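To start, the structure itself, in structure tokens.
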Amino acid sequence: MNDDTTTEKKITITKGSTHSLHIRCPYNPAYIQRIRQITGRKWEPKQKMWIIPYTIAAIQEFTSQFDPDEVQITPELWVDNEELQQ
């Protein structure tokens with residue numbers, strides 16, 4: 001099995017800008033329900049991704065909603081953010 005297949009089943013977080021994080025996930029009603037709990041989140045239908053604020057509060061909300069095994073974090077965020085390192 002290649003890495004692409006594994007990635008498609010996981011939620012991927014990437015840095016959008018200094019103020020936002022981009023979240024891409026496979027269609028899963030449970031995931032969507034959890035993401036909707038995050039304050040300030042919005043759906044970008046053209047890009048098919050969620051955008052959440054790049055704040056400690058939003059990151060804490062996100063990490064409380066998802067198991068670390070469900071999430072793939074890009075390396076740039078590991079370096080940038082101690083909250084995500086945990």
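In the structure tokens, chains take the letters A, B, ... in the order shown, each chain's residues start at 1, and ligands count up from 1 in the order shown.
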**Message:** Could you list, as a ChimeraX atom specification, every residue within 8 Å of Leu21 (chain A), counting only C-alpha atoms and ignoring same-chain residues fewer than 5 positions away?
**Reply:** /A:13-16,51-54
Take the residues just selected and output them with N, CA and C atoms as a PDB file, in the first residue's frame.
```
ATOM      1  N   ILE A  13      -3.440  18.469   8.343  1.00  0.00           N
ATOM      2  CA  ILE A  13      -3.406  19.886   8.727  1.00  0.00           C
ATOM      3  C   ILE A  13      -2.178  20.517   8.098  1.00  0.00           C
ATOM      4  N   THR A  14      -2.390  21.626   7.403  1.00  0.00           N
ATOM      5  CA  THR A  14      -1.284  22.383   6.832  1.00  0.00           C
ATOM      6  C   THR A  14      -1.439  23.852   7.228  1.00  0.00           C
ATOM      7  N   LYS A  15      -0.348  24.564   7.172  1.00  0.00           N
ATOM      8  CA  LYS A  15      -0.378  25.990   7.485  1.00  0.00           C
ATOM      9  C   LYS A  15      -0.892  26.732   6.262  1.00  0.00           C
ATOM     10  N   GLY A  16      -1.973  27.486   6.432  1.00  0.00           N
ATOM     11  CA  GLY A  16      -2.519  28.267   5.331  1.00  0.00           C
ATOM     12  C   GLY A  16      -1.841  29.617   5.245  1.00  0.00           C
ATOM     13  N   ILE A  51     -11.108  25.641   7.176  1.00  0.00           N
ATOM     14  CA  ILE A  51     -10.108  26.610   7.617  1.00  0.00           C
ATOM     15  C   ILE A  51     -10.433  26.944   9.064  1.00  0.00           C
ATOM     16  N   ILE A  52      -9.421  26.838   9.926  1.00  0.00           N
ATOM     17  CA  ILE A  52      -9.597  27.238  11.319  1.00  0.00           C
ATOM     18  C   ILE A  52      -8.554  28.306  11.636  1.00  0.00           C
ATOM     19  N   PRO A  53      -8.848  29.142  12.618  1.00  0.00           N
ATOM     20  CA  PRO A  53      -7.868  30.161  13.002  1.00  0.00           C
ATOM     21  C   PRO A  53      -6.582  29.508  13.519  1.00  0.00           C
ATOM     22  N   TYR A  54      -5.461  30.126  13.234  1.00  0.00           N
ATOM     23  CA  TYR A  54      -4.174  29.627  13.728  1.00  0.00           C
ATOM     24  C   TYR A  54      -3.941  30.275  15.086  1.00  0.00           C
TER      25      TYR A  54
END
```
- Task: With a distance cut-off of 9 Å and only C-alpha atoms, select the neighbouring residues of Phe66 (chain A), excluding the residue or stretch itself and same-chain residues fewer than 4 positions from it, and output the selection as a list of chain:residue names.
- Result: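 Contacts, in chain order: A:Tyr31, A:Arg34, A:Phe62, A:Glu70, A:Val71.
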Could you take the residues named above and write them with all heavy atoms, as a PDB file, in the first residue's frame?
```
ATOM      1  N   TYR A  31     -16.351  13.197  11.585  1.00  0.00           N
ATOM      2  CA  TYR A  31     -15.286  14.204  11.493  1.00  0.00           C
ATOM      3  C   TYR A  31     -15.889  15.592  11.315  1.00  0.00           C
ATOM      4  O   TYR A  31     -15.473  16.558  11.953  1.00  0.00           O
ATOM      5  CB  TYR A  31     -14.362  13.924  10.313  1.00  0.00           C
ATOM      6  CG  TYR A  31     -13.423  12.757  10.457  1.00  0.00           C
ATOM      7  CD1 TYR A  31     -12.656  12.348   9.381  1.00  0.00           C
ATOM      8  CD2 TYR A  31     -13.292  12.040  11.648  1.00  0.00           C
ATOM      9  CE1 TYR A  31     -11.779  11.278   9.482  1.00  0.00           C
ATOM     10  CE2 TYR A  31     -12.427  10.973  11.756  1.00  0.00           C
ATOM     11  CZ  TYR A  31     -11.673  10.597  10.663  1.00  0.00           C
ATOM     12  OH  TYR A  31     -10.806   9.541  10.767  1.00  0.00           O
ATOM     13  N   ARG A  34     -17.322  16.960  14.449  1.00  0.00           N
ATOM     14  CA  ARG A  34     -16.276  17.400  15.385  1.00  0.00           C
ATOM     15  C   ARG A  34     -15.646  18.710  14.946  1.00  0.00           C
ATOM     16  O   ARG A  34     -15.399  19.587  15.773  1.00  0.00           O
ATOM     17  CB  ARG A  34     -15.202  16.321  15.514  1.00  0.00           C
ATOM     18  CG  ARG A  34     -15.683  15.103  16.265  1.00  0.00           C
ATOM     19  CD  ARG A  34     -14.531  14.183  16.519  1.00  0.00           C
ATOM     20  NE  ARG A  34     -14.838  12.862  16.037  1.00  0.00           N
ATOM     21  CZ  ARG A  34     -13.950  11.914  15.822  1.00  0.00           C
ATOM     22  NH1 ARG A  34     -12.673  12.127  16.019  1.00  0.00           N
ATOM     23  NH2 ARG A  34     -14.305  10.729  15.390  1.00  0.00           N
ATOM     24  N   PHE A  62      -9.255  21.721  18.368  1.00  0.00           N
ATOM     25  CA  PHE A  62      -9.058  20.682  17.353  1.00  0.00           C
ATOM     26  C   PHE A  62      -8.464  19.422  17.970  1.00  0.00           C
ATOM     27  O   PHE A  62      -8.965  18.318  17.756  1.00  0.00           O
ATOM     28  CB  PHE A  62      -8.152  21.197  16.226  1.00  0.00           C
ATOM     29  CG  PHE A  62      -7.946  20.170  15.154  1.00  0.00           C
ATOM     30  CD1 PHE A  62      -8.853  20.027  14.121  1.00  0.00           C
ATOM     31  CD2 PHE A  62      -6.851  19.332  15.193  1.00  0.00           C
ATOM     32  CE1 PHE A  62      -8.672  19.060  13.147  1.00  0.00           C
ATOM     33  CE2 PHE A  62      -6.658  18.362  14.226  1.00  0.00           C
ATOM     34  CZ  PHE A  62      -7.577  18.229  13.195  1.00  0.00           C
ATOM     35  N   GLU A  70      -5.531   9.840  14.004  1.00  0.00           N
ATOM     36  CA  GLU A  70      -6.405  10.226  12.896  1.00  0.00           C
ATOM     37  C   GLU A  70      -5.857  11.405  12.105  1.00  0.00           C
ATOM     38  O   GLU A  70      -6.380  11.742  11.053  1.00  0.00           O
ATOM     39  CB  GLU A  70      -7.792  10.630  13.424  1.00  0.00           C
ATOM     40  CG  GLU A  70      -8.551   9.535  14.113  1.00  0.00           C
ATOM     41  CD  GLU A  70      -9.835  10.035  14.757  1.00  0.00           C
ATOM     42  OE1 GLU A  70      -9.835  11.123  15.379  1.00  0.00           O
ATOM     43  OE2 GLU A  70     -10.825   9.309  14.639  1.00  0.00           O
ATOM     44  N   VAL A  71      -4.811  12.033  12.626  1.00  0.00           N
ATOM     45  CA  VAL A  71      -4.348  13.311  12.085  1.00  0.00           C
ATOM     46  C   VAL A  71      -2.913  13.230  11.591  1.00  0.00           C
ATOM     47  O   VAL A  71      -2.045  12.670  12.250  1.00  0.00           O
ATOM     48  CB  VAL A  71      -4.463  14.417  13.163  1.00  0.00           C
ATOM     49  CG1 VAL A  71      -3.993  15.752  12.626  1.00  0.00           C
ATOM     50  CG2 VAL A  71      -5.885  14.509  13.687  1.00  0.00           C
TER      51      VAL A  71
END
```
request  = Mind listing the strand (DSSP E) residues of chain A, per DSSP on the backbone, as a VMD selection string?
outcome  = chain A and resid 11 to 15 20 to 24 42 to 44 49 to 53 71 to 73
Okay, now the selection with C-alpha atoms, as a short mmCIF file (atom, residue, chain, number, x, y, z; two decimals), in the first residue's frame?
```
data_model
loop_
_atom_site.label_atom_id
_atom_site.label_comp_id
_atom_site.auth_asym_id
_atom_site.auth_seq_id
_atom_site.Cartn_x
_atom_site.Cartn_y
_atom_site.Cartn_z
CA ILE A 11 -7.08 14.32 8.44
CA THR A 12 -4.28 16.53 7.16
CA ILE A 13 -3.41 19.89 8.73
CA THR A 14 -1.28 22.38 6.83
CA LYS A 15 -0.38 25.99 7.48
CA SER A 20 -5.11 30.15 9.45
CA LEU A 21 -4.73 26.41 9.27
CA HIS A 22 -6.11 24.28 6.47
CA ILE A 23 -7.74 20.98 7.32
CA ARG A 24 -8.48 18.37 4.70
CA LYS A 42 -15.31 27.74 7.99
CA TRP A 43 -15.76 25.47 4.98
CA GLU A 44 -14.17 26.37 1.64
CA MET A 49 -11.18 22.05 3.02
CA TRP A 50 -11.91 23.51 6.41
CA ILE A 51 -10.11 26.61 7.62
CA ILE A 52 -9.60 27.24 11.32
CA PRO A 53 -7.87 30.16 13.00
CA VAL A 71 -4.35 13.31 12.08
CA GLN A 72 -1.33 13.96 9.88
CA ILE A 73 0.43 17.24 10.64
#
```
Of A:Pro68, A:Thr74, A:Gly40, A:Lys10, the one sitting nearest Asn28 (chain A) when using only C-alpha atoms is A:Lys10
Requested in this report: Would you return as a ChimeraX atom specification the members of chain A that DSSP assigns to helix (DSSP H, G or I) on this structure's backbone?
Outcome: /A:3-9,29-35,56-65,68-70,75-80,82-85
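Distance check against Thr18 (chain A) using only C-alpha atoms: of A:Ala57, A:Ile38, A:Ala30, A:Leu77, the minimum falls on A:Leu77.
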Next item on the list: Find the distance between CA of Asp67 (chain A) and CA of Lys46 (chain A) and write it in Å to one decimal.
Entry: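 Going from CA of Asp67 (chain A) over to CA of Lys46 (chain A), I get 27.1 Å.
Pairwise distance (CA of Glu76 (chain A), CA of Gln33 (chain A)) equals 26.8 Å.
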**Item:** Among the residues A:Asp69, A:Thr55, A:Gln37, A:Pro75, the one that comes closest to Lys9 (chain A) [using only C-alpha atoms]
**Value:**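 Among the listed residues, the smallest separation from Lys9 (chain A) belongs to A:Asp69.
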Report the distance between CA of Gln60 (chain A) and CA of Tyr27 (chain A) in Å, rounded to one decimal place.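 Going from CA of Gln60 (chain A) over to CA of Tyr27 (chain A), I get 22.4 Å.
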